[in-house]
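Structure file protein.txt (compact mmCIF, N, CA and C atoms) is printed below.
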```txt
# COMPACT_ATOMS: atom_id res chain seq x y z
N MET A 22 -51.36 -49.42 -54.68
CA MET A 22 -50.78 -48.85 -55.88
C MET A 22 -50.62 -47.35 -55.74
N ALA A 23 -50.86 -46.81 -54.60
CA ALA A 23 -50.78 -45.36 -54.42
C ALA A 23 -49.39 -44.85 -54.76
N ASP A 24 -48.36 -45.46 -54.20
CA ASP A 24 -47.00 -44.99 -54.43
C ASP A 24 -46.52 -45.30 -55.84
N GLU A 25 -46.96 -46.42 -56.40
CA GLU A 25 -46.55 -46.82 -57.74
C GLU A 25 -47.08 -45.87 -58.80
N ALA A 26 -48.20 -45.20 -58.53
CA ALA A 26 -48.82 -44.32 -59.52
C ALA A 26 -48.24 -42.92 -59.53
N LYS A 27 -47.42 -42.57 -58.52
CA LYS A 27 -46.84 -41.22 -58.48
C LYS A 27 -45.63 -41.16 -59.40
N ILE A 28 -45.71 -40.31 -60.42
CA ILE A 28 -44.63 -40.16 -61.39
C ILE A 28 -44.33 -38.68 -61.54
N LYS A 29 -43.04 -38.34 -61.42
CA LYS A 29 -42.62 -36.95 -61.60
C LYS A 29 -41.64 -36.88 -62.75
N VAL A 30 -41.82 -35.86 -63.59
CA VAL A 30 -40.92 -35.61 -64.71
C VAL A 30 -40.27 -34.25 -64.47
N ASN A 31 -38.94 -34.24 -64.36
CA ASN A 31 -38.19 -33.03 -64.04
C ASN A 31 -38.78 -32.31 -62.84
N GLY A 32 -39.20 -33.08 -61.83
CA GLY A 32 -39.72 -32.52 -60.60
C GLY A 32 -41.21 -32.18 -60.62
N THR A 33 -41.86 -32.26 -61.77
CA THR A 33 -43.28 -31.95 -61.89
C THR A 33 -44.10 -33.23 -61.86
N ALA A 34 -45.07 -33.28 -60.94
CA ALA A 34 -45.91 -34.47 -60.84
C ALA A 34 -46.85 -34.57 -62.03
N LEU A 35 -46.91 -35.75 -62.63
CA LEU A 35 -47.84 -36.00 -63.72
C LEU A 35 -49.20 -36.38 -63.12
N PRO A 36 -50.28 -36.17 -63.86
CA PRO A 36 -51.58 -36.64 -63.37
C PRO A 36 -51.55 -38.16 -63.20
N THR A 37 -52.35 -38.66 -62.30
CA THR A 37 -52.39 -40.11 -62.06
C THR A 37 -53.02 -40.80 -63.27
N PRO A 38 -52.28 -41.73 -63.89
CA PRO A 38 -52.84 -42.43 -65.05
C PRO A 38 -53.89 -43.44 -64.63
N SER A 39 -54.77 -43.77 -65.56
CA SER A 39 -55.77 -44.79 -65.27
C SER A 39 -55.19 -46.19 -65.41
N GLU A 40 -54.06 -46.30 -66.11
CA GLU A 40 -53.41 -47.60 -66.29
C GLU A 40 -51.92 -47.40 -66.47
N ILE A 41 -51.12 -48.29 -65.88
CA ILE A 41 -49.66 -48.27 -66.02
C ILE A 41 -49.22 -49.67 -66.44
N ASN A 42 -48.45 -49.76 -67.52
CA ASN A 42 -47.86 -51.03 -67.95
C ASN A 42 -46.35 -50.88 -67.92
N VAL A 43 -45.67 -51.85 -67.32
CA VAL A 43 -44.21 -51.79 -67.18
C VAL A 43 -43.59 -52.97 -67.91
N GLU A 44 -42.60 -52.67 -68.75
CA GLU A 44 -41.80 -53.71 -69.39
C GLU A 44 -40.38 -53.55 -68.89
N ILE A 45 -39.75 -54.66 -68.56
CA ILE A 45 -38.34 -54.67 -68.17
C ILE A 45 -37.63 -55.56 -69.18
N SER A 46 -36.69 -54.97 -69.91
CA SER A 46 -36.08 -55.72 -71.00
C SER A 46 -34.57 -55.52 -71.02
N ASP A 47 -33.92 -56.32 -71.82
CA ASP A 47 -32.48 -56.23 -72.02
C ASP A 47 -32.18 -55.63 -73.38
N LEU A 48 -31.02 -55.02 -73.50
CA LEU A 48 -30.58 -54.46 -74.77
C LEU A 48 -29.44 -55.32 -75.29
N ASP A 49 -29.60 -55.80 -76.51
CA ASP A 49 -28.60 -56.66 -77.13
C ASP A 49 -27.94 -55.93 -78.29
N SER A 50 -26.65 -56.20 -78.47
CA SER A 50 -26.02 -55.78 -79.72
C SER A 50 -26.23 -56.94 -80.69
N ASP A 51 -25.58 -56.94 -81.80
CA ASP A 51 -25.79 -58.02 -82.76
C ASP A 51 -25.49 -59.37 -82.12
N SER A 52 -26.46 -60.26 -82.19
CA SER A 52 -26.27 -61.62 -81.70
C SER A 52 -25.87 -62.51 -82.87
N VAL A 53 -25.28 -63.64 -82.55
CA VAL A 53 -24.77 -64.54 -83.58
C VAL A 53 -25.41 -65.90 -83.43
N ARG A 54 -25.85 -66.47 -84.55
CA ARG A 54 -26.37 -67.84 -84.56
C ARG A 54 -25.56 -68.61 -85.62
N PRO A 55 -24.48 -69.26 -85.19
CA PRO A 55 -23.68 -70.00 -86.16
C PRO A 55 -24.50 -71.11 -86.83
N VAL A 56 -24.31 -71.26 -88.13
CA VAL A 56 -25.04 -72.27 -88.89
C VAL A 56 -24.68 -73.67 -88.41
N SER A 57 -23.44 -73.87 -88.01
CA SER A 57 -23.01 -75.21 -87.63
C SER A 57 -23.71 -75.72 -86.37
N THR A 58 -23.98 -74.85 -85.39
CA THR A 58 -24.60 -75.30 -84.14
C THR A 58 -26.08 -74.90 -84.05
N GLY A 59 -26.45 -73.80 -84.67
CA GLY A 59 -27.82 -73.32 -84.59
C GLY A 59 -28.18 -72.70 -83.25
N VAL A 60 -27.19 -72.56 -82.36
CA VAL A 60 -27.41 -72.02 -81.03
C VAL A 60 -27.13 -70.51 -81.05
N LEU A 61 -28.06 -69.75 -80.54
CA LEU A 61 -27.90 -68.30 -80.50
C LEU A 61 -26.92 -67.92 -79.40
N ARG A 62 -25.91 -67.15 -79.78
CA ARG A 62 -24.99 -66.58 -78.80
C ARG A 62 -25.39 -65.13 -78.61
N ARG A 63 -25.96 -64.86 -77.49
CA ARG A 63 -26.50 -63.55 -77.19
C ARG A 63 -25.39 -62.62 -76.70
N ASN A 64 -25.47 -61.37 -77.14
CA ASN A 64 -24.50 -60.37 -76.71
C ASN A 64 -25.26 -59.25 -75.99
N ARG A 65 -25.62 -59.51 -74.75
CA ARG A 65 -26.37 -58.52 -73.96
C ARG A 65 -25.42 -57.42 -73.50
N ILE A 66 -25.80 -56.17 -73.81
CA ILE A 66 -24.95 -55.06 -73.40
C ILE A 66 -25.55 -54.25 -72.25
N ARG A 67 -26.83 -54.49 -71.96
CA ARG A 67 -27.47 -53.80 -70.84
C ARG A 67 -28.70 -54.58 -70.40
N ALA A 68 -28.90 -54.66 -69.09
CA ALA A 68 -30.02 -55.45 -68.55
C ALA A 68 -31.00 -54.55 -67.79
N ASN A 69 -32.23 -55.03 -67.68
CA ASN A 69 -33.27 -54.43 -66.86
C ASN A 69 -33.58 -52.96 -67.20
N MET A 70 -33.77 -52.69 -68.46
CA MET A 70 -34.16 -51.34 -68.89
C MET A 70 -35.68 -51.22 -68.78
N LEU A 71 -36.15 -50.07 -68.28
CA LEU A 71 -37.57 -49.84 -68.07
C LEU A 71 -38.24 -49.18 -69.26
N LYS A 72 -39.45 -49.63 -69.54
CA LYS A 72 -40.36 -48.96 -70.45
C LYS A 72 -41.70 -48.93 -69.73
N VAL A 73 -42.17 -47.73 -69.40
CA VAL A 73 -43.39 -47.56 -68.64
C VAL A 73 -44.41 -46.87 -69.55
N THR A 74 -45.52 -47.54 -69.81
CA THR A 74 -46.56 -46.96 -70.65
C THR A 74 -47.69 -46.48 -69.76
N LEU A 75 -48.00 -45.19 -69.87
CA LEU A 75 -49.05 -44.56 -69.08
C LEU A 75 -50.26 -44.36 -69.97
N THR A 76 -51.43 -44.74 -69.49
CA THR A 76 -52.68 -44.55 -70.24
C THR A 76 -53.61 -43.68 -69.41
N TYR A 77 -54.16 -42.67 -70.07
CA TYR A 77 -55.09 -41.74 -69.42
C TYR A 77 -56.43 -41.82 -70.12
N LYS A 78 -57.49 -42.03 -69.36
CA LYS A 78 -58.84 -41.91 -69.91
C LYS A 78 -59.07 -40.43 -70.16
N ILE A 79 -59.50 -40.08 -71.32
CA ILE A 79 -59.70 -38.67 -71.65
C ILE A 79 -61.06 -38.23 -71.13
N THR A 80 -61.01 -37.31 -70.20
CA THR A 80 -62.20 -36.70 -69.63
C THR A 80 -61.98 -35.19 -69.69
N PRO A 81 -62.98 -34.41 -69.38
CA PRO A 81 -62.74 -32.96 -69.35
C PRO A 81 -61.63 -32.55 -68.38
N LEU A 82 -61.33 -33.39 -67.39
CA LEU A 82 -60.29 -33.06 -66.42
C LEU A 82 -58.88 -33.40 -66.92
N THR A 83 -58.78 -34.27 -67.90
CA THR A 83 -57.47 -34.67 -68.41
C THR A 83 -56.95 -33.60 -69.35
N ASP A 84 -55.79 -33.05 -69.01
CA ASP A 84 -55.19 -32.03 -69.84
C ASP A 84 -54.01 -32.66 -70.60
N VAL A 85 -54.29 -33.19 -71.77
CA VAL A 85 -53.27 -33.88 -72.55
C VAL A 85 -52.18 -32.91 -72.99
N MET A 86 -52.53 -31.67 -73.29
CA MET A 86 -51.53 -30.71 -73.76
C MET A 86 -50.48 -30.41 -72.68
N SER A 87 -50.88 -30.28 -71.43
CA SER A 87 -49.89 -30.03 -70.37
C SER A 87 -49.02 -31.26 -70.16
N LEU A 88 -49.59 -32.44 -70.34
CA LEU A 88 -48.83 -33.67 -70.24
C LEU A 88 -47.78 -33.72 -71.36
N LEU A 89 -48.20 -33.42 -72.58
CA LEU A 89 -47.26 -33.41 -73.70
C LEU A 89 -46.16 -32.38 -73.50
N LYS A 90 -46.50 -31.22 -72.95
CA LYS A 90 -45.50 -30.18 -72.70
C LYS A 90 -44.45 -30.66 -71.70
N ALA A 91 -44.87 -31.37 -70.67
CA ALA A 91 -43.93 -31.89 -69.67
C ALA A 91 -42.99 -32.92 -70.27
N LEU A 92 -43.45 -33.62 -71.33
CA LEU A 92 -42.66 -34.69 -71.93
C LEU A 92 -41.92 -34.24 -73.19
N THR A 93 -41.87 -32.94 -73.45
CA THR A 93 -41.24 -32.41 -74.65
C THR A 93 -39.72 -32.57 -74.71
N PRO A 94 -38.97 -32.37 -73.60
CA PRO A 94 -37.50 -32.46 -73.70
C PRO A 94 -37.06 -33.81 -74.28
N SER A 95 -35.90 -33.80 -74.95
CA SER A 95 -35.42 -35.05 -75.56
C SER A 95 -35.13 -36.11 -74.49
N THR A 96 -34.64 -35.71 -73.33
CA THR A 96 -34.51 -36.60 -72.18
C THR A 96 -34.91 -35.82 -70.93
N PHE A 97 -35.29 -36.54 -69.89
CA PHE A 97 -35.69 -35.90 -68.65
C PHE A 97 -35.47 -36.87 -67.50
N THR A 98 -35.41 -36.32 -66.28
CA THR A 98 -35.35 -37.19 -65.11
C THR A 98 -36.77 -37.57 -64.73
N CYS A 99 -36.93 -38.80 -64.37
CA CYS A 99 -38.26 -39.33 -64.05
C CYS A 99 -38.17 -40.05 -62.71
N GLU A 100 -38.94 -39.57 -61.75
CA GLU A 100 -39.02 -40.24 -60.45
C GLU A 100 -40.23 -41.14 -60.47
N LEU A 101 -40.01 -42.43 -60.25
CA LEU A 101 -41.09 -43.40 -60.35
C LEU A 101 -40.78 -44.64 -59.54
N TYR A 102 -41.76 -45.50 -59.43
CA TYR A 102 -41.60 -46.78 -58.75
C TYR A 102 -40.88 -47.74 -59.69
N ILE A 103 -39.83 -48.38 -59.20
CA ILE A 103 -39.04 -49.32 -60.00
C ILE A 103 -39.36 -50.72 -59.50
N PRO A 104 -40.22 -51.45 -60.22
CA PRO A 104 -40.75 -52.71 -59.69
C PRO A 104 -39.72 -53.81 -59.46
N ASP A 105 -38.67 -53.89 -60.28
CA ASP A 105 -37.71 -54.98 -60.07
C ASP A 105 -36.80 -54.72 -58.88
N HIS A 106 -36.80 -53.48 -58.33
CA HIS A 106 -36.06 -53.16 -57.11
C HIS A 106 -37.00 -52.98 -55.91
N GLY A 107 -38.29 -52.78 -56.19
CA GLY A 107 -39.27 -52.59 -55.12
C GLY A 107 -39.15 -51.25 -54.41
N ILE A 108 -38.59 -50.25 -55.10
CA ILE A 108 -38.39 -48.93 -54.49
C ILE A 108 -38.75 -47.84 -55.48
N ARG A 109 -38.86 -46.61 -54.97
CA ARG A 109 -38.97 -45.44 -55.85
C ARG A 109 -37.55 -44.99 -56.16
N GLY A 110 -37.34 -44.54 -57.39
CA GLY A 110 -36.02 -44.09 -57.78
C GLY A 110 -36.12 -43.11 -58.94
N THR A 111 -34.98 -42.64 -59.38
CA THR A 111 -34.91 -41.69 -60.48
C THR A 111 -34.16 -42.31 -61.65
N LYS A 112 -34.74 -42.19 -62.83
CA LYS A 112 -34.13 -42.70 -64.06
C LYS A 112 -34.11 -41.57 -65.09
N THR A 113 -33.16 -41.61 -65.99
CA THR A 113 -33.16 -40.70 -67.15
C THR A 113 -33.95 -41.41 -68.23
N MET A 114 -34.98 -40.71 -68.75
CA MET A 114 -35.88 -41.33 -69.70
C MET A 114 -36.20 -40.37 -70.84
N TYR A 115 -36.88 -40.88 -71.85
CA TYR A 115 -37.43 -40.06 -72.92
C TYR A 115 -38.83 -40.55 -73.23
N ALA A 116 -39.62 -39.67 -73.86
CA ALA A 116 -40.99 -40.05 -74.22
C ALA A 116 -40.96 -40.73 -75.58
N GLY A 117 -41.48 -41.93 -75.63
CA GLY A 117 -41.55 -42.67 -76.88
C GLY A 117 -42.84 -42.34 -77.61
N ASN A 118 -43.40 -43.35 -78.23
CA ASN A 118 -44.62 -43.15 -79.02
C ASN A 118 -45.78 -42.68 -78.17
N LYS A 119 -46.55 -41.80 -78.75
CA LYS A 119 -47.77 -41.29 -78.12
C LYS A 119 -48.95 -41.78 -78.94
N LYS A 120 -50.04 -42.15 -78.27
CA LYS A 120 -51.13 -42.79 -78.99
C LYS A 120 -52.47 -42.33 -78.43
N TYR A 121 -53.38 -42.00 -79.33
CA TYR A 121 -54.76 -41.71 -78.98
C TYR A 121 -55.62 -42.90 -79.41
N ASN A 122 -56.55 -43.29 -78.57
CA ASN A 122 -57.51 -44.33 -78.92
C ASN A 122 -58.87 -43.67 -79.08
N TYR A 123 -59.54 -43.96 -80.19
CA TYR A 123 -60.84 -43.37 -80.48
C TYR A 123 -61.91 -44.44 -80.44
N LYS A 124 -63.14 -44.03 -80.13
CA LYS A 124 -64.27 -44.95 -80.19
C LYS A 124 -65.44 -44.26 -80.87
N ARG A 125 -66.30 -45.07 -81.43
CA ARG A 125 -67.47 -44.54 -82.12
C ARG A 125 -68.54 -44.18 -81.09
N VAL A 126 -69.11 -43.00 -81.26
CA VAL A 126 -70.24 -42.54 -80.44
C VAL A 126 -71.36 -42.15 -81.39
N LYS A 127 -72.51 -41.80 -80.85
CA LYS A 127 -73.66 -41.47 -81.69
C LYS A 127 -73.38 -40.32 -82.65
N THR A 128 -72.55 -39.37 -82.20
CA THR A 128 -72.29 -38.18 -83.02
C THR A 128 -71.04 -38.32 -83.89
N GLY A 129 -70.39 -39.46 -83.91
CA GLY A 129 -69.20 -39.65 -84.73
C GLY A 129 -68.14 -40.45 -83.99
N ILE A 130 -66.94 -39.89 -83.91
CA ILE A 130 -65.82 -40.56 -83.24
C ILE A 130 -65.29 -39.63 -82.15
N LYS A 131 -64.94 -40.22 -81.01
CA LYS A 131 -64.47 -39.44 -79.87
C LYS A 131 -63.19 -40.06 -79.33
N ALA A 132 -62.22 -39.21 -78.92
CA ALA A 132 -61.00 -39.71 -78.28
C ALA A 132 -61.36 -40.28 -76.92
N GLU A 133 -61.00 -41.54 -76.70
CA GLU A 133 -61.34 -42.22 -75.45
C GLU A 133 -60.17 -42.21 -74.47
N SER A 134 -58.94 -42.42 -74.99
CA SER A 134 -57.78 -42.45 -74.11
C SER A 134 -56.54 -41.98 -74.85
N PHE A 135 -55.53 -41.64 -74.06
CA PHE A 135 -54.24 -41.19 -74.57
C PHE A 135 -53.17 -41.99 -73.82
N SER A 136 -52.17 -42.49 -74.53
CA SER A 136 -51.09 -43.21 -73.87
C SER A 136 -49.75 -42.75 -74.39
N VAL A 137 -48.75 -42.87 -73.52
CA VAL A 137 -47.38 -42.48 -73.87
C VAL A 137 -46.43 -43.44 -73.16
N SER A 138 -45.33 -43.75 -73.82
CA SER A 138 -44.32 -44.62 -73.23
C SER A 138 -43.14 -43.80 -72.75
N LEU A 139 -42.72 -44.05 -71.51
CA LEU A 139 -41.51 -43.45 -70.97
C LEU A 139 -40.45 -44.53 -71.01
N ILE A 140 -39.35 -44.27 -71.73
CA ILE A 140 -38.34 -45.30 -71.99
C ILE A 140 -37.01 -44.88 -71.39
N GLU A 141 -36.41 -45.78 -70.65
CA GLU A 141 -35.12 -45.50 -69.99
C GLU A 141 -34.02 -45.32 -71.03
N VAL A 142 -33.19 -44.31 -70.80
CA VAL A 142 -32.06 -44.04 -71.70
C VAL A 142 -30.94 -44.98 -71.34
```
Full structure transcribed into structure tokens:
Amino acid sequence: MADEAKIKVNGTALPTPSEINVEISDLDSDSVRPVSTGVLRRNRIRANMLKVTLTYKITPLTDVMSLLKALTPSTFTCELYIPDHGIRGTKTMYAGNKKYNYKRVKTGIKAESFSVSLIEV
């Protein structure tokens, strides 16, 4: 997984995430399900779009602010491993939802991890 974990945004290498989840999906326009047949007629307008969710365990070494700064532009070029092609490549992407996960500790609540989704444009 060494090569799969290397991700660059606008030429800047991101820290290695502790977990990577990849979704490959299709984009549909309005689909039609006629009442007479009940069969869905799908209108796929784009196939194999990537959504890569990166999760970072928050430690003193994890700099979430620098990560957020790298992902600030509305779109950016992202060099990453493309699993359905089996190669590294470049895609135009944007940062989707960002999420912090908290856990209870003796002194209260502590941020345990941070995740962000990179979504193909």
Near A:Thr74, counting only N, CA and C atoms, which residues have an atom at most 7 Å away, once you skip same-chain residues fewer than 2 positions from it, shown as an NGL selection string? :A and (40-44 or 72 or 76 or 136-139)
Restricting to only C-alpha atoms, whichever of A:Tyr102, A:Val60, A:Met86, A:Thr96 is closest to A:Lys27 is A:Tyr102
Given all atoms listed in the file as the counted atoms, nearest of A:Leu71, A:Lys119, A:Pro104, A:Arg109 to A:Ser46: A:Leu71
Answer as number ranges by chain, residues within 8 Å of (-24.7, -57.7, -76.1) using all atoms listed in the file: A: 48-52, 62-67
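Closest approach to A:Val142 among A:Val85, A:Ile130, A:Val30, A:Met70 is made by A:Met70 (distances from all atoms listed in the file).
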Skip A:Gly32 itself and residues of its chain fewer than 4 positions away, then list as a list of chain:residue names all residues within 7 Å of it, counting all atoms listed in the file.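 Neighbouring residues, sequence-local ones excluded: A:Thr98, A:Cys99, A:Glu100.
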Just how far from atom CA of A:Asp47 is atom N of A:Ala26, in Å to one decimal? 23.5 Å
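For the pair atom CA of A:Pro94 and atom N of A:Ala116, the separation is 7.5 Å.
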Alpha helix (DSSP H) call set, DSSP backbone run, stretch 28-137 of chain A, as a PyMOL selection string: chain A and resi 85-91
Pull the strand (DSSP E or B) assignments for stretch 31-142 of chain A out of DSSP run on the backbone, and list those residues as a VMD selection string. chain A and resid 33 to 34 40 to 49 53 62 65 to 78 97 to 103 108 to 126 129 to 141
